[in-house]
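K.L.:
Sharing input05.txt, compact mmCIF, N, CA and C atoms:
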```
# COMPACT_ATOMS: atom_id res chain seq x y z
N MET A 167 -10.49 13.08 -15.46
CA MET A 167 -9.62 12.02 -15.92
C MET A 167 -9.58 10.91 -14.86
N LEU A 168 -9.58 9.71 -15.32
CA LEU A 168 -9.53 8.53 -14.46
C LEU A 168 -8.06 8.16 -14.23
N SER A 169 -7.65 8.17 -13.00
CA SER A 169 -6.29 7.80 -12.66
C SER A 169 -6.16 6.28 -12.64
N SER A 170 -5.00 5.77 -13.07
CA SER A 170 -4.77 4.33 -13.03
C SER A 170 -4.85 3.81 -11.59
N LYS A 171 -4.62 4.70 -10.62
CA LYS A 171 -4.71 4.31 -9.21
C LYS A 171 -6.15 4.05 -8.78
N GLU A 172 -7.12 4.47 -9.61
CA GLU A 172 -8.54 4.26 -9.30
C GLU A 172 -9.06 2.94 -9.85
N VAL A 173 -8.20 2.19 -10.52
CA VAL A 173 -8.62 0.96 -11.19
C VAL A 173 -8.03 -0.24 -10.46
N PRO A 174 -8.88 -1.06 -9.85
CA PRO A 174 -8.36 -2.26 -9.18
C PRO A 174 -7.86 -3.28 -10.20
N GLN A 175 -6.77 -3.95 -9.87
CA GLN A 175 -6.23 -4.97 -10.76
C GLN A 175 -6.46 -6.37 -10.23
N ALA A 176 -7.04 -6.48 -9.06
CA ALA A 176 -7.39 -7.80 -8.52
C ALA A 176 -8.59 -8.32 -9.30
N ASP A 177 -8.58 -9.59 -9.63
CA ASP A 177 -9.66 -10.11 -10.46
C ASP A 177 -10.47 -11.24 -9.83
N VAL A 178 -10.21 -11.55 -8.58
CA VAL A 178 -10.96 -12.61 -7.89
C VAL A 178 -11.52 -12.02 -6.59
N LEU A 179 -12.83 -11.75 -6.58
CA LEU A 179 -13.44 -11.11 -5.42
C LEU A 179 -13.25 -11.93 -4.15
N HIS A 180 -13.31 -13.24 -4.26
CA HIS A 180 -13.10 -14.11 -3.09
C HIS A 180 -11.74 -13.84 -2.44
N ASP A 181 -10.72 -13.58 -3.27
CA ASP A 181 -9.38 -13.30 -2.72
C ASP A 181 -9.30 -11.90 -2.12
N VAL A 182 -10.12 -10.97 -2.60
CA VAL A 182 -10.21 -9.66 -1.95
C VAL A 182 -10.78 -9.85 -0.55
N ILE A 183 -11.81 -10.66 -0.44
CA ILE A 183 -12.42 -10.95 0.87
C ILE A 183 -11.40 -11.64 1.78
N ARG A 184 -10.66 -12.59 1.24
CA ARG A 184 -9.63 -13.27 2.03
C ARG A 184 -8.57 -12.28 2.50
N THR A 185 -8.25 -11.32 1.66
CA THR A 185 -7.29 -10.27 2.02
C THR A 185 -7.80 -9.46 3.20
N VAL A 186 -9.06 -9.06 3.13
CA VAL A 186 -9.66 -8.25 4.20
C VAL A 186 -9.69 -9.05 5.50
N ARG A 187 -10.07 -10.31 5.42
CA ARG A 187 -10.11 -11.15 6.63
C ARG A 187 -8.70 -11.31 7.22
N PHE A 188 -7.72 -11.48 6.37
CA PHE A 188 -6.35 -11.62 6.85
C PHE A 188 -5.90 -10.35 7.56
N VAL A 189 -6.19 -9.20 6.96
CA VAL A 189 -5.81 -7.92 7.57
C VAL A 189 -6.54 -7.75 8.90
N GLN A 190 -7.79 -8.17 8.96
CA GLN A 190 -8.56 -8.08 10.22
C GLN A 190 -7.87 -8.90 11.32
N GLN A 191 -7.37 -10.06 10.96
CA GLN A 191 -6.77 -10.96 11.94
C GLN A 191 -5.28 -10.67 12.20
N ASN A 192 -4.67 -9.91 11.30
CA ASN A 192 -3.23 -9.64 11.39
C ASN A 192 -2.97 -8.16 11.14
N LYS A 193 -3.26 -7.37 12.14
CA LYS A 193 -3.10 -5.91 12.00
C LYS A 193 -1.67 -5.57 11.60
N GLY A 194 -1.54 -4.60 10.74
CA GLY A 194 -0.22 -4.21 10.27
C GLY A 194 0.32 -5.13 9.20
N SER A 195 -0.57 -5.79 8.45
CA SER A 195 -0.14 -6.70 7.39
C SER A 195 0.53 -5.95 6.25
N THR A 196 1.57 -6.53 5.72
CA THR A 196 2.23 -5.98 4.54
C THR A 196 1.71 -6.71 3.30
N TYR A 197 1.98 -6.15 2.12
CA TYR A 197 1.51 -6.80 0.90
C TYR A 197 2.14 -8.17 0.72
N SER A 198 3.36 -8.35 1.17
CA SER A 198 4.00 -9.67 1.03
C SER A 198 3.35 -10.70 1.97
N MET A 199 2.93 -10.26 3.15
CA MET A 199 2.21 -11.16 4.05
C MET A 199 0.86 -11.55 3.43
N ILE A 200 0.19 -10.56 2.85
CA ILE A 200 -1.09 -10.81 2.18
C ILE A 200 -0.88 -11.78 1.02
N ALA A 201 0.15 -11.54 0.23
CA ALA A 201 0.43 -12.40 -0.93
C ALA A 201 0.63 -13.85 -0.51
N ARG A 202 1.42 -14.07 0.53
CA ARG A 202 1.64 -15.44 1.01
C ARG A 202 0.33 -16.07 1.46
N HIS A 203 -0.49 -15.28 2.15
CA HIS A 203 -1.76 -15.81 2.66
C HIS A 203 -2.71 -16.23 1.53
N ILE A 204 -2.78 -15.42 0.48
CA ILE A 204 -3.70 -15.75 -0.61
C ILE A 204 -3.01 -16.58 -1.70
N LYS A 205 -1.78 -16.99 -1.41
CA LYS A 205 -0.99 -17.87 -2.28
C LYS A 205 -0.79 -17.27 -3.68
N LYS A 206 -0.31 -16.02 -3.65
CA LYS A 206 0.00 -15.31 -4.89
C LYS A 206 1.35 -14.62 -4.70
N GLY A 207 1.89 -14.09 -5.78
CA GLY A 207 3.16 -13.36 -5.72
C GLY A 207 2.99 -12.00 -5.07
N ASP A 208 4.13 -11.39 -4.73
CA ASP A 208 4.11 -10.08 -4.07
C ASP A 208 3.33 -9.04 -4.87
N ARG A 209 3.53 -9.03 -6.17
CA ARG A 209 2.81 -8.06 -7.00
C ARG A 209 1.30 -8.22 -6.84
N GLN A 210 0.84 -9.46 -6.85
CA GLN A 210 -0.58 -9.73 -6.66
C GLN A 210 -1.04 -9.33 -5.26
N GLY A 211 -0.17 -9.49 -4.28
CA GLY A 211 -0.48 -9.04 -2.92
C GLY A 211 -0.78 -7.56 -2.89
N ARG A 212 0.01 -6.79 -3.65
CA ARG A 212 -0.25 -5.34 -3.74
C ARG A 212 -1.57 -5.08 -4.45
N TYR A 213 -1.87 -5.83 -5.51
CA TYR A 213 -3.13 -5.64 -6.24
C TYR A 213 -4.33 -5.89 -5.35
N TYR A 214 -4.27 -6.96 -4.57
CA TYR A 214 -5.42 -7.31 -3.72
C TYR A 214 -5.56 -6.34 -2.55
N ARG A 215 -4.44 -5.92 -2.00
CA ARG A 215 -4.51 -4.90 -0.95
C ARG A 215 -5.09 -3.61 -1.51
N HIS A 216 -4.65 -3.22 -2.68
CA HIS A 216 -5.15 -1.99 -3.31
C HIS A 216 -6.64 -2.08 -3.61
N ALA A 217 -7.10 -3.21 -4.11
CA ALA A 217 -8.54 -3.39 -4.39
C ALA A 217 -9.36 -3.25 -3.11
N ALA A 218 -8.89 -3.85 -2.03
CA ALA A 218 -9.60 -3.74 -0.75
C ALA A 218 -9.60 -2.30 -0.25
N GLN A 219 -8.52 -1.58 -0.52
CA GLN A 219 -8.45 -0.16 -0.16
C GLN A 219 -9.45 0.65 -0.97
N LEU A 220 -9.48 0.43 -2.28
CA LEU A 220 -10.40 1.17 -3.15
C LEU A 220 -11.86 0.97 -2.72
N LEU A 221 -12.15 -0.22 -2.23
CA LEU A 221 -13.51 -0.51 -1.77
C LEU A 221 -13.78 0.04 -0.38
N GLY A 222 -12.76 0.60 0.26
CA GLY A 222 -12.93 1.19 1.59
C GLY A 222 -12.99 0.16 2.71
N LEU A 223 -12.44 -1.02 2.46
CA LEU A 223 -12.49 -2.10 3.45
C LEU A 223 -11.27 -2.10 4.38
N ILE A 224 -10.14 -1.67 3.85
CA ILE A 224 -8.92 -1.58 4.64
C ILE A 224 -8.25 -0.25 4.32
N ASP A 225 -7.27 0.11 5.12
CA ASP A 225 -6.44 1.27 4.82
C ASP A 225 -5.00 0.80 4.85
N ASN A 226 -4.14 1.59 4.27
CA ASN A 226 -2.73 1.24 4.19
C ASN A 226 -1.89 2.49 4.35
N ARG A 227 -0.92 2.40 5.21
CA ARG A 227 0.01 3.51 5.37
C ARG A 227 1.40 2.93 5.57
N ASN A 228 2.34 3.42 4.78
CA ASN A 228 3.73 2.95 4.87
C ASN A 228 3.83 1.43 4.77
N ASN A 229 3.02 0.85 3.90
CA ASN A 229 2.99 -0.59 3.63
C ASN A 229 2.42 -1.43 4.78
N TYR A 230 1.70 -0.83 5.69
CA TYR A 230 1.06 -1.59 6.75
C TYR A 230 -0.45 -1.37 6.65
N ALA A 231 -1.17 -2.46 6.48
CA ALA A 231 -2.62 -2.39 6.27
C ALA A 231 -3.35 -2.72 7.56
N TRP A 232 -4.51 -2.08 7.73
CA TRP A 232 -5.38 -2.39 8.85
C TRP A 232 -6.83 -2.29 8.39
N ILE A 233 -7.68 -2.97 9.13
CA ILE A 233 -9.10 -3.05 8.80
C ILE A 233 -9.82 -1.74 9.13
N LEU A 234 -10.79 -1.40 8.32
CA LEU A 234 -11.66 -0.25 8.57
C LEU A 234 -13.03 -0.76 9.01
N PRO A 235 -13.85 0.08 9.62
CA PRO A 235 -15.19 -0.37 10.04
C PRO A 235 -16.00 -0.99 8.89
N THR A 236 -15.85 -0.45 7.69
CA THR A 236 -16.55 -1.02 6.54
C THR A 236 -16.09 -2.45 6.28
N GLY A 237 -14.80 -2.69 6.46
CA GLY A 237 -14.27 -4.04 6.29
C GLY A 237 -14.79 -4.99 7.35
N ASP A 238 -14.80 -4.53 8.61
CA ASP A 238 -15.37 -5.35 9.69
C ASP A 238 -16.82 -5.70 9.38
N TYR A 239 -17.56 -4.68 8.95
CA TYR A 239 -18.98 -4.90 8.65
C TYR A 239 -19.14 -5.92 7.51
N SER A 240 -18.36 -5.77 6.46
CA SER A 240 -18.49 -6.70 5.33
C SER A 240 -18.21 -8.13 5.74
N LEU A 241 -17.25 -8.31 6.65
CA LEU A 241 -16.92 -9.67 7.10
C LEU A 241 -17.96 -10.23 8.07
N SER A 242 -18.79 -9.36 8.63
CA SER A 242 -19.84 -9.84 9.54
C SER A 242 -21.04 -10.39 8.77
N LEU A 243 -21.09 -10.10 7.48
CA LEU A 243 -22.21 -10.56 6.64
C LEU A 243 -21.91 -11.96 6.11
N ALA A 244 -22.97 -12.69 5.86
CA ALA A 244 -22.80 -14.05 5.36
C ALA A 244 -23.31 -14.18 3.93
N GLY A 245 -22.64 -15.03 3.17
CA GLY A 245 -23.07 -15.44 1.86
C GLY A 245 -23.58 -14.33 0.94
N GLN A 246 -24.85 -14.46 0.58
CA GLN A 246 -25.47 -13.54 -0.37
C GLN A 246 -25.49 -12.10 0.13
N GLU A 247 -25.71 -11.90 1.43
CA GLU A 247 -25.71 -10.54 1.98
C GLU A 247 -24.35 -9.87 1.76
N GLN A 248 -23.30 -10.63 1.96
CA GLN A 248 -21.96 -10.09 1.76
C GLN A 248 -21.74 -9.73 0.29
N MET A 249 -22.18 -10.58 -0.62
CA MET A 249 -22.01 -10.30 -2.04
C MET A 249 -22.80 -9.06 -2.47
N ILE A 250 -24.01 -8.92 -1.96
CA ILE A 250 -24.83 -7.74 -2.27
C ILE A 250 -24.12 -6.48 -1.78
N TYR A 251 -23.60 -6.53 -0.57
CA TYR A 251 -22.89 -5.38 0.01
C TYR A 251 -21.64 -5.04 -0.81
N LEU A 252 -20.87 -6.04 -1.17
CA LEU A 252 -19.66 -5.80 -1.95
C LEU A 252 -19.99 -5.26 -3.33
N ARG A 253 -21.06 -5.75 -3.94
CA ARG A 253 -21.48 -5.21 -5.24
C ARG A 253 -21.80 -3.72 -5.13
N LYS A 254 -22.45 -3.33 -4.03
CA LYS A 254 -22.75 -1.90 -3.83
C LYS A 254 -21.46 -1.09 -3.74
N LEU A 255 -20.46 -1.62 -3.04
CA LEU A 255 -19.18 -0.92 -2.94
C LEU A 255 -18.49 -0.83 -4.31
N ILE A 256 -18.54 -1.91 -5.06
CA ILE A 256 -17.92 -1.93 -6.39
C ILE A 256 -18.56 -0.89 -7.28
N LYS A 257 -19.88 -0.75 -7.17
CA LYS A 257 -20.60 0.22 -8.01
C LYS A 257 -20.22 1.66 -7.69
N THR A 258 -19.57 1.91 -6.56
CA THR A 258 -19.15 3.27 -6.24
C THR A 258 -17.83 3.64 -6.91
N LEU A 259 -17.12 2.65 -7.43
CA LEU A 259 -15.84 2.92 -8.08
C LEU A 259 -16.07 3.67 -9.39
N ARG A 260 -15.29 4.70 -9.61
CA ARG A 260 -15.46 5.52 -10.80
C ARG A 260 -15.29 4.73 -12.09
N VAL A 261 -14.36 3.79 -12.11
CA VAL A 261 -14.15 2.98 -13.30
C VAL A 261 -15.41 2.18 -13.63
N PHE A 262 -16.08 1.70 -12.60
CA PHE A 262 -17.34 0.97 -12.81
C PHE A 262 -18.42 1.92 -13.31
N GLN A 263 -18.51 3.09 -12.72
CA GLN A 263 -19.54 4.06 -13.12
C GLN A 263 -19.37 4.48 -14.57
N LEU A 264 -18.14 4.73 -15.01
CA LEU A 264 -17.90 5.07 -16.41
C LEU A 264 -18.33 3.95 -17.35
N THR A 265 -17.97 2.74 -16.98
CA THR A 265 -18.32 1.57 -17.79
C THR A 265 -19.82 1.37 -17.82
N GLU A 266 -20.47 1.48 -16.67
CA GLU A 266 -21.91 1.32 -16.60
C GLU A 266 -22.63 2.37 -17.45
N ASP A 267 -22.16 3.61 -17.39
CA ASP A 267 -22.76 4.67 -18.21
C ASP A 267 -22.64 4.35 -19.70
N LEU A 268 -21.49 3.84 -20.11
CA LEU A 268 -21.30 3.46 -21.50
C LEU A 268 -22.27 2.36 -21.90
N LEU A 269 -22.38 1.34 -21.08
CA LEU A 269 -23.27 0.22 -21.39
C LEU A 269 -24.73 0.67 -21.48
N ARG A 270 -25.09 1.63 -20.65
CA ARG A 270 -26.47 2.12 -20.64
C ARG A 270 -26.76 3.01 -21.85
N THR A 271 -25.78 3.83 -22.24
CA THR A 271 -26.02 4.79 -23.31
C THR A 271 -25.68 4.26 -24.70
N LYS A 272 -24.95 3.16 -24.77
CA LYS A 272 -24.59 2.61 -26.08
C LYS A 272 -24.89 1.11 -26.10
N PRO A 273 -26.17 0.77 -26.29
CA PRO A 273 -26.53 -0.65 -26.36
C PRO A 273 -25.72 -1.36 -27.45
N GLY A 274 -25.28 -2.54 -27.16
CA GLY A 274 -24.51 -3.30 -28.13
C GLY A 274 -23.04 -2.92 -28.20
N CYS A 275 -22.58 -2.13 -27.23
CA CYS A 275 -21.16 -1.76 -27.26
C CYS A 275 -20.31 -3.01 -27.06
N THR A 276 -19.09 -2.92 -27.50
CA THR A 276 -18.19 -4.07 -27.45
C THR A 276 -17.10 -3.86 -26.40
N GLU A 277 -16.34 -4.89 -26.18
CA GLU A 277 -15.19 -4.80 -25.27
C GLU A 277 -14.23 -3.71 -25.76
N LYS A 278 -14.10 -3.58 -27.06
CA LYS A 278 -13.25 -2.55 -27.65
C LYS A 278 -13.74 -1.14 -27.26
N ASP A 279 -15.07 -0.96 -27.24
CA ASP A 279 -15.65 0.33 -26.83
C ASP A 279 -15.31 0.64 -25.37
N VAL A 280 -15.39 -0.37 -24.52
CA VAL A 280 -15.07 -0.17 -23.10
C VAL A 280 -13.59 0.18 -22.95
N TYR A 281 -12.74 -0.53 -23.66
CA TYR A 281 -11.31 -0.24 -23.61
C TYR A 281 -11.04 1.20 -24.04
N LYS A 282 -11.66 1.62 -25.15
CA LYS A 282 -11.47 2.98 -25.66
C LYS A 282 -11.94 4.01 -24.63
N LEU A 283 -13.09 3.77 -24.03
CA LEU A 283 -13.61 4.68 -23.01
C LEU A 283 -12.62 4.84 -21.87
N LEU A 284 -12.13 3.74 -21.36
CA LEU A 284 -11.21 3.78 -20.23
C LEU A 284 -9.87 4.38 -20.63
N TYR A 285 -9.42 4.08 -21.83
CA TYR A 285 -8.16 4.65 -22.30
C TYR A 285 -8.29 6.16 -22.49
N ASP A 286 -9.37 6.58 -23.13
CA ASP A 286 -9.59 8.01 -23.38
C ASP A 286 -9.78 8.80 -22.10
N ASN A 287 -10.31 8.17 -21.04
CA ASN A 287 -10.55 8.85 -19.77
C ASN A 287 -9.42 8.64 -18.77
N GLY A 288 -8.45 7.86 -19.13
CA GLY A 288 -7.39 7.51 -18.18
C GLY A 288 -6.14 8.34 -18.30
N ASP A 289 -5.27 8.15 -17.33
CA ASP A 289 -3.98 8.83 -17.37
C ASP A 289 -2.95 7.98 -18.11
N ASN A 290 -3.36 6.76 -18.49
CA ASN A 290 -2.54 5.86 -19.30
C ASN A 290 -1.16 5.61 -18.72
N GLY A 291 -1.14 5.56 -17.40
CA GLY A 291 0.15 5.34 -16.76
C GLY A 291 -0.06 4.66 -15.50
```
Would you encode the structure as structure tokens?

P.N.:
Amino acid sequence: MLSSKEVPQADVLHDVIRTVRFVQQNKGSTYSMIARHIKKGDRQGRYYRHAAQLLGLIDNRNNYAWILPTGDYSLSLAGQEQMIYLRKLIKTLRVFQLTEDLLRTKPGCTEKDVYKLLYDNGDNG
């Protein structure tokens, strides 16, 4: 079963990168600090922190985030290299793997099919 905690809700990869850079420069960042930095609300700050965590770029404990070696490495890359690296990390997410398997095994599937797959495999909470 796919847990809702395994699904990132951040939808702008550039802001995930900005989140990681902010955490690198401001150790012990909270989601509200991240939110202010990326000019989003507190809820969005949590989403972007969580997405960076799922990708293994930062860690978070007791609402304080810090950079991981993977995050440092990703920020050391420039332009296209960074995007290629981040795509590889995204492909490791279970939600992506389930979706990719569906697209591969059911040519012509629709957005509705993807929704059903994720709903049927999820904890729906």

K.L.:
If we count all atoms listed in the file, what is near segment 280-288 of chain A at a cut-off of 7 Å, once residues fewer than 2 positions away on the same chain are taken out, given as JSON, numbers by chain?

P.N.:
{"A": [167, 168, 169, 170, 265, 275, 276, 277, 278, 290, 291]}

K.L.:
Measuring between only N, CA and C atoms, which one of A:Arg227, A:Lys272, A:His203, A:Arg187 shows the shortest distance to Leu241 of chain A?

P.N.:
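Of all the options, A:Arg187 lies closest to Leu241 of chain A.
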
K.L.:
Can you pull out the residues contacting Val186 of chain A? Cut-off 7 Å, using only C-alpha atoms, and skip same-chain residues under 3 positions away; I want them as a list in words.

P.N.:
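So, after excluding close chain neighbours, the residues are Val182, Ile183, Val189, Gln190, Ala218, Leu223, Ile224, Ile233 and Gly237 of chain A.
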
K.L.:
Pick the closest to Thr258 of chain A from A:Leu220, A:Asn228, A:Lys171, A:Asp238: which is it, counting only C-alpha atoms?

P.N.:
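Of the candidates, the smallest distance to Thr258 of chain A is held by A:Leu220.
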
K.L.:
What is the distance, in Å and to one decimal place, between atom CA of Leu234 of chain A and atom C of Leu221 of chain A?

P.N.:
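Value for the atom CA of Leu234 of chain A-atom C of Leu221 of chain A distance: 9.2 Å.
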
K.L.:
Taking every listed atom of segment 193-197 of chain A and adding 6 Å to each side, what centre and edge lengths in Å (one decimal) does the axis-aligned box have, as lines of an AutoDock Vina configuration file?

P.N.:
```
center_x = -0.5
center_y = -6.2
center_z = 6.4
size_x = 17.5
size_y = 16.0
size_z = 23.4
```

K.L.:
If I take atom N of Ile204 of chain A and atom C of Thr185 of chain A, how far is one from the other in Å, to one decimal?

P.N.:
8.3 Å

K.L.:
What is the distance, in Å and to one decimal place, between atom CA of Gly211 of chain A and atom CA of Gln175 of chain A?

P.N.:
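Between these atoms lies a distance of 10.5 Å.
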
K.L.:
Could you pull out the helix (DSSP H, G or I) residues of segment 172-287 of chain A from DSSP and send them as a VMD selection string?

P.N.:
chain A and resid 172 179 to 191 197 to 203 208 to 220 235 to 242 245 to 257 260 to 271 277 to 287

K.L.:
Determine which residues of chain A receive a DSSP assignment of strand (DSSP E), computed from the backbone, and state them as a PyMOL selection string.

P.N.:
chain A and resi 224-227+230-233
